[in-house]
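Dropping final-v5.cif in here (mmCIF, C-alpha atoms and all ligand atoms):
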```cif
data_run
loop_
_atom_site.label_atom_id
_atom_site.label_comp_id
_atom_site.auth_asym_id
_atom_site.auth_seq_id
_atom_site.Cartn_x
_atom_site.Cartn_y
_atom_site.Cartn_z
CA VAL M 1 -13.82 -9.06 70.42
CA ARG M 2 -17.53 -8.74 71.13
CA ILE M 3 -18.08 -7.93 74.82
CA THR M 4 -20.58 -10.50 76.01
CA GLY M 5 -24.06 -9.19 76.67
CA LYS M 6 -23.09 -5.57 76.01
CA ASN M 7 -23.50 -3.09 73.25
CA ALA M 8 -19.71 -2.99 72.87
CA VAL M 9 -16.57 -4.41 71.26
CA PHE M 10 -12.88 -4.35 71.99
CA MET M 11 -10.86 -3.79 68.84
CA ASP M 12 -7.18 -4.36 68.23
CA SER M 13 -7.03 -1.79 65.41
CA SER M 14 -3.54 -2.78 64.32
CA LEU M 15 -4.69 -6.40 63.78
CA VAL M 16 -7.79 -5.30 61.87
CA VAL M 17 -5.69 -3.13 59.55
CA SER M 18 -3.19 -5.99 59.03
CA ALA M 19 -5.93 -8.40 57.98
CA ALA M 20 -6.39 -6.50 54.70
CA TYR M 21 -2.86 -7.26 53.47
CA SER M 22 -1.63 -10.51 51.89
CA TYR M 23 2.10 -10.17 52.46
CA HIS M 24 2.42 -7.47 55.11
CA CYS M 25 1.11 -6.59 58.55
CA THR M 26 1.29 -3.38 60.55
CA LYS M 27 4.04 -3.02 63.15
CA SER M 28 2.08 -2.95 66.42
CA GLU M 29 4.83 -1.05 68.18
CA ARG M 30 4.55 1.58 65.46
CA TYR M 31 0.77 1.67 65.37
CA TYR M 32 0.56 2.06 69.14
CA SER M 33 3.70 4.15 69.60
CA ARG M 34 1.75 7.05 71.10
CA SER M 35 0.14 4.95 73.81
CA LEU M 36 3.51 3.38 74.62
CA LEU M 37 4.97 6.85 74.98
CA PHE M 38 1.96 7.89 77.02
CA SER M 39 2.21 5.03 79.48
CA SER M 40 5.91 5.50 80.07
CA CYS M 41 5.41 9.22 80.80
CA GLU M 42 2.29 8.69 82.84
CA SER M 43 3.78 8.76 86.32
CA ILE M 44 5.63 12.01 85.54
CA VAL M 45 2.49 13.69 84.25
CA ALA M 46 0.42 12.55 87.22
CA SER M 47 2.52 14.26 89.90
CA PRO M 48 3.13 18.01 89.47
CA PRO M 49 6.74 19.15 90.01
CA PRO M 50 7.43 20.47 93.53
CA SER M 51 7.52 24.29 93.74
CA PRO M 52 11.02 25.78 94.16
CA PRO M 53 12.06 26.80 97.69
CA SER M 54 11.89 30.56 98.33
CA SER M 55 13.57 32.95 100.79
CA PRO M 56 11.78 33.89 104.05
CA LEU M 57 11.16 37.38 102.59
CA ASP M 58 9.65 35.87 99.46
CA ASP M 59 7.66 33.57 101.67
CA SER M 60 5.92 36.38 103.51
CA CYS M 61 5.17 38.17 100.23
CA SER M 62 3.97 35.09 98.42
CA GLY M 63 2.02 34.06 101.51
CA SER M 64 -0.02 37.25 101.52
CA ARG M 65 -0.39 37.05 97.71
CA LYS M 66 -1.63 33.49 98.04
CA ARG M 67 -4.17 34.54 100.65
CA LYS M 68 -5.40 37.30 98.33
CA ARG M 69 -5.63 34.83 95.43
CA LYS M 70 -7.54 32.40 97.61
CA LYS M 71 -10.00 35.13 98.54
CA LYS M 72 -10.45 36.02 94.88
CA LYS M 73 -10.98 32.38 93.96
CA LYS M 74 -13.69 32.03 96.57
CA LYS M 75 -15.55 34.95 95.07
CA ARG M 76 -15.27 33.67 91.49
CA LEU M 77 -16.85 30.25 91.84
CA TYR M 78 -16.73 28.51 88.45
CA THR M 79 -20.07 28.31 86.78
CA PRO M 80 -20.29 26.43 83.50
CA ASN M 81 -21.69 28.34 80.53
CA GLU M 82 -24.74 27.15 78.62
CA LYS M 83 -22.80 24.97 76.17
CA GLU M 84 -20.77 23.38 78.97
CA SER M 85 -23.95 22.55 80.87
CA PHE M 86 -25.38 21.00 77.72
CA ALA M 87 -22.24 18.93 77.24
CA GLU M 88 -22.41 17.77 80.85
CA CYS M 89 -26.04 16.65 80.36
CA ARG M 90 -25.02 14.66 77.27
CA HIS M 91 -22.19 13.11 79.27
CA GLN M 92 -24.53 12.13 82.11
CA GLU M 93 -26.87 10.53 79.55
CA VAL M 94 -24.18 8.17 78.24
CA ARG M 95 -21.73 7.73 81.11
CA GLY M 96 -23.74 4.79 82.55
CA ASP M 97 -23.65 2.94 79.19
CA ILE M 98 -19.95 3.63 78.70
CA LEU M 99 -19.13 2.57 82.24
CA GLU M 100 -21.14 -0.65 81.88
CA ALA M 101 -19.32 -1.49 78.65
CA TYR M 102 -15.97 -0.68 80.29
CA GLU M 103 -16.66 -2.83 83.34
CA ALA M 104 -17.79 -5.74 81.16
CA PHE M 105 -14.64 -5.26 79.07
CA GLN M 106 -12.53 -5.34 82.22
CA ALA M 107 -14.24 -8.57 83.25
CA THR M 108 -14.20 -10.39 79.91
CA ALA M 109 -11.77 -9.04 77.35
CA ILE M 110 -8.93 -7.94 79.58
CA PRO M 111 -6.84 -11.16 79.24
CA ARG M 112 -6.67 -10.48 75.51
CA VAL M 113 -5.60 -6.87 76.13
CA LYS M 114 -3.04 -7.98 78.70
CA SER M 115 -1.44 -10.47 76.32
CA HIS M 116 -1.41 -7.75 73.67
CA ALA M 117 0.36 -5.40 76.11
CA VAL M 118 2.86 -8.10 77.03
CA ALA M 119 3.57 -8.74 73.34
CA LEU M 120 4.21 -5.03 72.78
CA ARG M 121 6.49 -4.87 75.81
CA GLN M 122 8.44 -7.85 74.49
CA ILE M 123 9.10 -6.01 71.25
CA LEU M 124 10.21 -2.94 73.17
CA PRO M 125 11.49 -4.33 76.46
CA ALA M 126 13.67 -1.58 77.87
CA ASN M 127 13.30 2.20 77.85
CA THR M 128 10.37 2.32 75.44
CA THR M 129 10.23 6.09 75.09
CA THR M 130 13.79 6.39 73.93
CA ILE M 131 13.63 3.48 71.51
CA VAL M 132 10.44 4.65 69.82
CA CYS M 133 11.69 8.23 69.49
CA GLN M 134 15.05 7.20 68.07
CA GLU M 135 13.47 4.84 65.58
CA GLN M 136 11.06 7.51 64.38
CA GLU M 137 13.77 10.13 64.06
CA GLN M 138 15.84 7.91 61.78
CA GLU M 139 13.00 7.31 59.32
CA GLN M 140 12.28 9.87 56.67
CA GLU M 141 8.60 10.59 56.13
CA VAL M 142 6.99 12.68 53.43
CA ASP M 143 4.99 15.64 54.74
CA PHE M 144 2.34 15.73 52.01
CA VAL M 145 0.69 18.87 53.36
CA GLU M 146 3.93 20.85 53.01
CA LEU M 147 4.91 19.15 49.74
CA GLY M 148 1.53 20.06 48.26
CA LYS M 149 2.21 23.76 48.91
CA LEU M 150 5.43 23.87 46.84
CA TRP M 151 5.36 25.33 43.35
CA GLN M 152 6.96 22.05 42.21
CA ALA M 153 4.01 20.02 43.61
CA PRO M 154 2.42 19.40 40.18
CA LEU M 155 5.71 17.83 39.04
CA TYR M 156 5.74 15.10 41.71
CA GLU M 157 4.89 11.58 40.58
CA ILE M 158 4.14 8.30 42.30
CA THR M 159 5.57 5.15 40.74
CA PHE M 160 4.13 1.68 41.34
CA SER M 161 6.62 -1.11 41.65
CA GLN M 162 5.78 -4.78 41.96
CA SER M 163 4.16 -5.79 45.24
CA SER M 164 5.81 -9.15 45.74
CA GLU M 165 7.54 -11.99 43.99
CA ARG M 166 4.12 -13.46 43.25
CA SER M 167 2.56 -10.41 41.62
CA SER M 168 1.96 -10.32 37.89
CA GLY M 169 4.84 -8.91 35.90
CA GLN M 170 3.44 -5.43 35.26
CA GLY M 171 6.01 -2.81 34.38
CA LEU M 172 6.53 0.36 36.43
CA ARG M 173 3.63 2.79 36.18
CA SER M 174 3.75 6.45 37.21
CA PHE M 175 0.99 8.94 38.00
CA THR M 176 0.91 12.61 38.89
CA LEU M 177 0.88 12.60 42.70
CA PHE M 178 -1.41 15.51 43.54
CA ASN M 179 -4.94 16.15 42.28
CA THR M 180 -5.13 12.83 40.43
CA VAL M 181 -7.34 9.86 41.30
CA ILE M 182 -4.88 6.98 41.65
CA GLU M 183 -5.88 3.32 41.85
CA ASN M 184 -4.33 0.01 42.76
CA ALA M 185 -6.60 -2.15 40.65
CA ILE M 186 -5.01 -5.49 41.49
CA LYS M 187 -6.05 -7.91 44.22
CA GLU M 188 -2.93 -7.59 46.32
CA GLU M 189 -0.93 -4.79 47.84
CA VAL M 190 1.67 -2.94 45.80
CA VAL M 191 4.66 -0.87 46.82
CA ALA M 192 4.85 2.61 45.32
CA GLU M 193 7.54 5.27 45.53
CA CYS M 194 7.34 9.02 45.66
CA ALA M 195 9.46 11.89 47.01
CA GLY M 196 12.18 9.42 47.99
CA CYS M 197 9.96 7.24 50.22
CA ARG M 198 8.16 3.94 49.70
CA PHE M 199 4.50 3.32 50.46
CA LEU M 200 2.27 0.26 50.69
CA LEU M 201 -1.00 0.49 48.74
CA PRO M 202 -3.62 -2.10 49.78
CA CYS M 203 -5.50 -4.12 47.16
CA LEU M 204 -8.23 -2.51 45.06
CA CYS M 205 -7.87 0.87 46.72
CA GLN M 206 -8.24 4.29 45.18
CA PHE M 207 -7.06 7.64 46.52
CA LEU M 208 -6.90 11.33 45.78
CA ILE M 209 -4.37 13.65 47.44
CA SER M 210 -5.80 17.13 47.16
CA ASP M 211 -7.27 20.12 48.90
CA ILE M 212 -11.01 20.23 49.58
CA ASN M 213 -11.63 22.15 46.34
CA GLN M 214 -10.75 19.03 44.29
CA VAL M 215 -12.84 16.46 46.16
CA HIS M 216 -15.57 16.70 43.49
CA GLN M 217 -13.28 14.59 41.27
CA LEU M 218 -14.53 11.58 43.23
CA VAL M 219 -18.21 12.19 42.52
CA PRO M 220 -19.32 9.24 40.36
CA GLY M 221 -20.78 9.76 36.87
CA SER M 222 -23.90 7.87 37.94
CA SER M 223 -25.27 7.46 41.48
CA CYS M 224 -25.44 3.68 40.88
CA GLU M 225 -21.64 3.80 41.15
CA GLY M 226 -21.78 5.86 44.35
CA PHE M 227 -20.65 4.91 47.86
CA ASN M 228 -22.87 3.19 50.43
CA LEU M 229 -20.59 3.99 53.37
CA LEU M 230 -19.01 7.41 53.97
CA VAL M 231 -16.65 7.91 56.92
CA ILE M 232 -15.79 11.56 57.59
CA ASP M 233 -13.25 12.80 60.13
CA PRO M 234 -13.01 16.57 59.57
CA PRO M 235 -10.05 18.66 60.67
CA TRP M 236 -12.23 20.47 63.24
CA GLU M 237 -10.76 23.71 64.55
CA ASN M 238 -9.04 22.81 67.79
CA LYS M 239 -6.54 24.69 69.96
CA SER M 240 -4.39 21.64 70.70
CA VAL M 241 -4.12 20.72 66.99
CA HIS M 242 -3.14 24.33 66.18
CA ARG M 243 -0.63 24.60 69.01
CA ARG M 244 1.06 21.36 68.11
CA ALA M 245 0.79 22.05 64.35
CA LEU M 246 -0.51 18.50 63.83
CA TYR M 247 -2.43 19.24 60.64
CA PRO M 248 -4.24 22.21 59.08
CA THR M 249 -7.81 22.70 60.28
CA LEU M 250 -10.88 23.94 58.42
CA PRO M 251 -13.61 26.36 59.50
CA ASN M 252 -16.95 24.61 59.99
CA ARG M 253 -18.60 26.38 57.08
CA SER M 254 -16.17 24.75 54.59
CA LEU M 255 -17.64 21.38 55.48
CA LEU M 256 -21.07 22.47 54.30
CA SER M 257 -19.74 22.41 50.75
CA LEU M 258 -18.53 18.77 50.82
CA PRO M 259 -20.41 16.92 48.04
CA VAL M 260 -21.72 14.27 50.45
CA LYS M 261 -25.06 13.74 48.70
CA GLN M 262 -23.39 13.49 45.31
CA LEU M 263 -20.98 10.81 46.55
CA ALA M 264 -23.79 8.58 47.86
CA HIS M 265 -25.11 5.45 46.16
CA ALA M 266 -28.50 5.56 44.45
CA ASP M 267 -29.85 3.16 47.13
CA GLY M 268 -28.73 5.47 49.94
CA ALA M 269 -25.69 5.53 52.20
CA LEU M 270 -24.68 5.24 55.81
CA VAL M 271 -22.63 8.27 56.92
CA ALA M 272 -20.33 8.15 59.96
CA LEU M 273 -19.05 11.51 61.20
CA TRP M 274 -16.35 11.73 63.87
CA ILE M 275 -16.82 14.60 66.26
CA THR M 276 -14.83 15.93 69.20
CA ASN M 277 -16.47 16.54 72.57
CA ARG M 278 -16.93 20.29 71.98
CA GLU M 279 -20.59 21.07 72.36
CA LYS M 280 -20.33 23.85 69.77
CA LEU M 281 -19.24 21.34 67.12
CA ARG M 282 -21.82 18.77 68.14
CA GLN M 283 -24.59 21.34 67.76
CA PHE M 284 -23.16 22.50 64.43
CA ALA M 285 -23.06 18.90 63.17
CA GLU M 286 -26.59 18.08 64.31
CA LYS M 287 -28.31 21.35 63.50
CA GLU M 288 -26.48 22.52 60.37
CA LEU M 289 -24.20 19.90 58.81
CA PHE M 290 -26.48 16.85 58.79
CA PRO M 291 -29.49 18.86 57.51
CA ALA M 292 -27.32 20.55 54.83
CA TRP M 293 -25.99 17.18 53.69
CA GLY M 294 -29.54 15.71 53.73
CA ILE M 295 -28.74 13.15 56.46
CA THR M 296 -31.27 11.64 58.86
CA PRO M 297 -29.61 10.89 62.23
CA ALA M 298 -29.67 7.20 63.22
CA ALA M 299 -27.42 6.59 66.24
CA VAL M 300 -24.48 7.87 68.25
CA TRP M 301 -21.53 5.58 68.91
CA TYR M 302 -18.67 6.13 71.34
CA TRP M 303 -15.00 5.30 70.99
CA LEU M 304 -13.59 4.68 74.46
CA LYS M 305 -9.80 4.95 74.53
CA VAL M 306 -7.88 2.66 76.83
CA LYS M 307 -4.17 2.31 77.54
CA GLU M 308 -2.28 -0.83 76.67
CA ASP M 309 -3.12 -2.27 80.11
CA GLY M 310 -6.84 -1.81 79.44
CA VAL M 311 -7.36 1.20 81.76
CA MET M 312 -9.15 4.31 80.41
CA VAL M 313 -6.73 6.98 79.12
CA SER M 314 -8.26 9.54 81.53
CA PRO M 315 -10.98 9.50 84.20
CA LEU M 316 -14.47 9.21 82.70
CA ASP M 317 -15.80 12.36 84.39
CA LEU M 318 -12.89 14.73 83.77
CA ALA M 319 -14.52 18.03 82.74
CA HIS M 320 -12.46 19.06 79.71
CA HIS M 321 -10.83 15.84 78.60
CA LYS M 322 -13.12 12.88 78.14
CA PRO M 323 -11.58 9.45 77.40
CA TYR M 324 -14.07 8.96 74.55
CA GLU M 325 -15.00 10.52 71.21
CA CYS M 326 -18.35 10.44 69.41
CA LEU M 327 -19.30 9.01 66.06
CA LEU M 328 -22.56 10.38 64.68
CA LEU M 329 -24.32 7.94 62.33
CA GLY M 330 -27.01 8.84 59.85
CA TYR M 331 -28.53 7.90 56.53
CA LEU M 332 -28.68 9.52 53.15
CA PRO M 333 -31.92 8.42 51.50
CA CYS M 334 -32.03 6.54 48.24
CA GLN M 335 -32.05 8.85 45.28
CA PRO M 336 -35.08 8.78 43.04
CA PRO M 337 -34.44 8.22 39.35
CA LEU M 338 -34.86 11.45 37.40
CA GLY M 339 -38.50 12.45 37.00
CA THR M 340 -39.75 10.44 40.04
CA ASP M 341 -41.63 12.03 42.91
CA ASN M 342 -39.19 12.27 45.83
CA LYS M 343 -41.76 11.38 48.48
CA ASP M 344 -42.78 8.11 46.84
CA VAL M 345 -39.28 6.80 46.80
CA HIS M 346 -38.28 7.95 50.26
CA GLY M 347 -41.50 6.68 51.78
CA GLY M 348 -41.08 3.30 50.05
CA THR M 349 -39.59 0.16 51.49
CA ALA M 350 -36.13 0.47 49.92
CA ASP M 351 -34.87 2.58 52.86
CA LEU M 352 -36.37 0.41 55.57
CA LYS M 353 -35.07 -3.02 54.56
CA HIS M 354 -31.66 -2.86 56.15
CA GLU M 355 -30.77 -3.23 59.81
CA LYS M 356 -30.24 0.03 61.74
CA PRO M 357 -27.17 0.55 63.96
CA PRO M 358 -27.80 0.27 67.72
CA ASP M 359 -27.60 3.51 69.67
CA LYS M 360 -24.85 4.11 72.28
CA PHE M 361 -22.61 1.35 70.92
CA VAL M 362 -19.13 1.47 72.48
CA ILE M 363 -15.89 0.68 70.62
CA ILE M 364 -13.06 0.12 73.08
CA SER M 365 -9.52 0.30 71.72
CA VAL M 366 -5.98 1.49 72.34
CA PRO M 367 -5.43 4.71 70.32
CA GLY M 368 -2.76 4.85 67.63
CA ASP M 369 -1.13 8.08 66.43
CA HIS M 370 -2.71 11.41 67.36
CA SER M 371 -6.29 11.55 66.04
CA ARG M 372 -5.97 8.18 64.24
CA LYS M 373 -9.37 6.53 64.44
CA PRO M 374 -10.13 2.80 64.69
CA PRO M 375 -11.11 1.16 61.36
CA LEU M 376 -14.90 1.06 61.04
CA GLY M 377 -15.64 -0.96 57.88
CA SER M 378 -16.34 -4.33 59.53
CA LEU M 379 -18.41 -2.78 62.35
CA LEU M 380 -20.64 -0.77 60.02
CA SER M 381 -20.96 -3.23 57.12
CA GLY M 382 -24.11 -4.83 58.60
CA PHE M 383 -26.07 -1.55 58.50
CA LEU M 384 -25.73 -0.51 54.89
CA PRO M 385 -28.66 0.42 52.71
CA GLY M 386 -28.75 -1.00 49.19
CA PRO M 387 -26.00 -3.33 48.03
CA LYS M 388 -24.64 -5.36 50.93
CA LYS M 389 -21.04 -5.17 49.73
CA VAL M 390 -19.23 -2.22 51.29
CA LYS M 391 -18.40 0.52 48.83
CA GLY M 392 -16.65 2.84 51.20
CA ILE M 393 -15.07 6.27 51.01
CA GLU M 394 -13.12 8.00 53.76
CA LEU M 395 -13.00 11.78 53.66
CA PHE M 396 -10.00 13.49 55.29
CA ALA M 397 -8.21 10.13 55.37
CA ARG M 398 -4.62 9.63 56.47
CA GLU M 399 -4.47 5.99 55.41
CA LEU M 400 -5.75 3.73 52.66
CA THR M 401 -8.20 0.87 53.10
CA ALA M 402 -8.44 -2.20 50.86
CA GLY M 403 -11.37 -1.85 48.48
CA TRP M 404 -12.09 1.74 49.61
CA THR M 405 -11.53 5.23 48.23
CA SER M 406 -9.55 7.60 50.45
CA TRP M 407 -9.41 11.35 50.07
CA GLY M 408 -7.56 14.08 51.97
CA ASN M 409 -4.40 16.15 51.77
CA GLU M 410 -2.33 13.27 53.23
CA PRO M 411 -4.02 9.89 52.66
CA LEU M 412 -0.62 8.16 52.33
CA ARG M 413 0.51 9.35 55.77
CA PHE M 414 0.22 5.95 57.50
CA GLN M 415 1.12 3.99 54.36
CA HIS M 416 4.87 4.66 54.62
CA LEU M 417 6.48 1.23 54.20
CA PRO M 418 8.30 1.35 57.60
CA TYR M 419 4.87 1.20 59.29
CA PHE M 420 4.63 -2.41 58.01
CA ARG M 421 6.63 -5.61 58.16
CA ARG M 422 6.52 -8.70 55.96
CA LYS M 423 4.15 -11.43 57.22
N1 LIG Z 1 -9.27 10.08 60.18
C1 LIG Z 1 -7.86 10.38 60.17
C2 LIG Z 1 -7.12 9.28 60.89
O1 LIG Z 1 -7.76 8.39 61.46
O2 LIG Z 1 -5.89 9.27 60.86
C3 LIG Z 1 -7.58 11.71 60.82
C4 LIG Z 1 -8.08 12.86 60.03
S1 LIG Z 1 -7.56 14.38 60.70
C5 LIG Z 1 -8.73 14.65 61.94
C6 LIG Z 1 -8.04 15.53 59.47
C7 LIG Z 1 -7.23 15.47 58.19
O3 LIG Z 1 -7.75 16.45 57.29
C8 LIG Z 1 -5.75 15.78 58.35
O4 LIG Z 1 -5.00 14.83 57.67
C9 LIG Z 1 -5.60 17.14 57.66
O5 LIG Z 1 -4.32 17.36 57.10
C10 LIG Z 1 -6.67 17.04 56.60
N2 LIG Z 1 -7.06 18.35 56.03
C11 LIG Z 1 -7.02 19.55 56.64
N3 LIG Z 1 -7.40 20.52 55.79
C12 LIG Z 1 -7.66 19.93 54.61
C13 LIG Z 1 -8.08 20.43 53.34
N4 LIG Z 1 -8.30 21.74 53.14
N5 LIG Z 1 -8.24 19.54 52.33
C14 LIG Z 1 -8.00 18.23 52.53
N6 LIG Z 1 -7.61 17.70 53.71
C15 LIG Z 1 -7.45 18.54 54.75
#
```
What would you get if you wrote out this structure as structure tokens?
Amino acid sequence: VRITGKNAVFMDSSLVVSAAYSYHCTKSERYYSRSLLFSSCESIVASPPPSPPSSPLDDSCSGSRKRKRKKKKKKRLYTPNEKESFAECRHQEVRGDILEAYEAFQATAIPRVKSHAVALRQILPANTTTIVCQEQEQEQEVDFVELGKLWQAPLYEITFSQSSERSSGQGLRSFTLFNTVIENAIKEEVVAECAGCRFLLPCLCQFLISDINQVHQLVPGSSCEGFNLLVIDPPWENKSVHRRALYPTLPNRSLLSLPVKQLAHADGALVALWITNREKLRQFAEKELFPAWGITPAAVWYWLKVKEDGVMVSPLDLAHHKPYECLLLGYLPCQPPLGTDNKDVHGGTADLKHEKPPDKFVIISVPGDHSRKPPLGSLLSGFLPGPKKVKGIELFARELTAGWTSWGNEPLRFQHLPYFRRK
């Protein structure tokens, strides 16, 4: 939903994902299970538990200790370090735009969000937390990261079955699961089975389950077959991800070796890089990563996360937990044919023909699973250099996209069949 007069959209990510399937759609209650859990726990999180009562003796001791602590606190007034001050400046630069988009969203798109929330509540009417947890516990899911570490990993296969009654009568086909580029070359989704679970593979998709050292397998033989849209969501080092063991992370320097340039189309490519709000990472991305990959910055977009009732997931100005994440956009130039002077081609008109993305664009949506990003293909398709048709690749993907290539160590994560229902 375009938010009238603003540089912003509201996106129902679950609906957008569903649109790519002929016979299936995502289960909204599954896609948004985290936000449902979040809203039902919200009141508990908001009020801290009362402190336990203590004896009069304890009281006098703790009282004097408290006074001492208070004195100490007064002395050590918190002063932000250089990076924190930088981050605060960046925040001040965009908070007005984000707030304007949010207020316009509240005024225009909220009925749609409300009906969406009501629909979700109808699916899960009673004690949402319990139902979602029980349902998830019962379902077996493959942990591809762990499976990939086993010595038996090279022996695992994925077997395609038929997608639906209407699909052509192809026999069962099997492929080595890890380190192999696997493709669903037909124009409808297929069901595939591996490690005792079933997965839904969207039409015309391709994927590679591997560690970063195998990503070069996706580099095309000729840059004319390269990608014009690259979406990258790196496993940035992050304390919360480590603590909760959500997925393995990578040191920043490993990202420098991603073959971004080699993956790009000869006519150039739009690159979208997700970044957390840590100033250190932002500076690394802007000062080292983009230059190393040969990317010219074009715009910064913001993903504002709202709860199912349309309210921001946290206050906009909270110091260490912003309700938004950044998407850095930039261009890889067209690649000169061998033997051509670089400058001539880059300075030519080929790069300038296409529309550029607006700066400070705001995507408002309800977040899905931890770190799951909203789908970007339709939003970015108008800003591609070269061929207008999207030829997209997602690096560090946890799901597949129709017509795209997905790479990461768990790109089938959100393709488990129980995440979908028949249309
Ligand atoms: N964009 C994804 C989404 O919307 O669901 C989230 C990506 S998450 C931030 C980063 C992903 O990179 C995780 O799935 C993680 O397991 C994967 N990853 C971590 N280390 C990796 C490595 N060495 N090679 C390949 N993938 C890796």
Which protein, DNA or RNA residues have an atom within 10 Å of ligand LIG 1 (chain Z), counting only C-alpha atoms and all ligand atoms, as a tab-separated table (two decimals) with C-alpha atoms, in the frame of the given file?
```tsv
chain	number	residue	atom	x	y	z
M	143	ASP	CA	4.99	15.64	54.74
M	144	PHE	CA	2.34	15.73	52.01
M	145	VAL	CA	0.69	18.87	53.36
M	146	GLU	CA	3.93	20.85	53.01
M	208	LEU	CA	-6.90	11.33	45.78
M	209	ILE	CA	-4.37	13.65	47.44
M	210	SER	CA	-5.80	17.13	47.16
M	211	ASP	CA	-7.27	20.12	48.90
M	212	ILE	CA	-11.01	20.23	49.58
M	213	ASN	CA	-11.63	22.15	46.34
M	214	GLN	CA	-10.75	19.03	44.29
M	215	VAL	CA	-12.84	16.46	46.16
M	231	VAL	CA	-16.65	7.91	56.92
M	232	ILE	CA	-15.79	11.56	57.59
M	233	ASP	CA	-13.25	12.80	60.13
M	234	PRO	CA	-13.01	16.57	59.57
M	235	PRO	CA	-10.05	18.66	60.67
M	236	TRP	CA	-12.23	20.47	63.24
M	237	GLU	CA	-10.76	23.71	64.55
M	241	VAL	CA	-4.12	20.72	66.99
M	246	LEU	CA	-0.51	18.50	63.83
M	247	TYR	CA	-2.43	19.24	60.64
M	248	PRO	CA	-4.24	22.21	59.08
M	249	THR	CA	-7.81	22.70	60.28
M	250	LEU	CA	-10.88	23.94	58.42
M	251	PRO	CA	-13.61	26.36	59.50
M	254	SER	CA	-16.17	24.75	54.59
M	255	LEU	CA	-17.64	21.38	55.48
M	273	LEU	CA	-19.05	11.51	61.20
M	274	TRP	CA	-16.35	11.73	63.87
M	275	ILE	CA	-16.82	14.60	66.26
M	276	THR	CA	-14.83	15.93	69.20
M	367	PRO	CA	-5.43	4.71	70.32
M	368	GLY	CA	-2.76	4.85	67.63
M	369	ASP	CA	-1.13	8.08	66.43
M	370	HIS	CA	-2.71	11.41	67.36
M	371	SER	CA	-6.29	11.55	66.04
M	372	ARG	CA	-5.97	8.18	64.24
M	373	LYS	CA	-9.37	6.53	64.44
M	374	PRO	CA	-10.13	2.80	64.69
M	375	PRO	CA	-11.11	1.16	61.36
M	394	GLU	CA	-13.12	8.00	53.76
M	395	LEU	CA	-13.00	11.78	53.66
M	396	PHE	CA	-10.00	13.49	55.29
M	397	ALA	CA	-8.21	10.13	55.37
M	398	ARG	CA	-4.62	9.63	56.47
M	399	GLU	CA	-4.47	5.99	55.41
M	400	LEU	CA	-5.75	3.73	52.66
M	407	TRP	CA	-9.41	11.35	50.07
M	408	GLY	CA	-7.56	14.08	51.97
M	409	ASN	CA	-4.40	16.15	51.77
M	410	GLU	CA	-2.33	13.27	53.23
M	411	PRO	CA	-4.02	9.89	52.66
M	412	LEU	CA	-0.62	8.16	52.33
M	413	ARG	CA	0.51	9.35	55.77
M	414	PHE	CA	0.22	5.95	57.50
```
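Counting all atoms listed in the file and comparing M:His354, M:Leu172, M:Ile363, M:Glu84, the residue that lies closest to M:Gly382 is M:His354.
Each of M:Gly310, M:Phe178, M:Pro202, M:Thr79 was compared to M:Ala104 using all atoms listed in the file, and M:Gly310 turns out to be the nearest.
Separating atom CA of M:Leu332 from atom CA of M:Tyr302 is a distance of 21.0 Å.
In terms of minimum interatomic distance to M:Glu286, M:Leu327 ranks closest within M:Ala245, M:Leu327, M:Leu318, M:Cys203, counting all atoms listed in the file.
Taking atom CA of M:Lys423 as the reference point, atom CA of M:Tyr21 is found at 9.0 Å.
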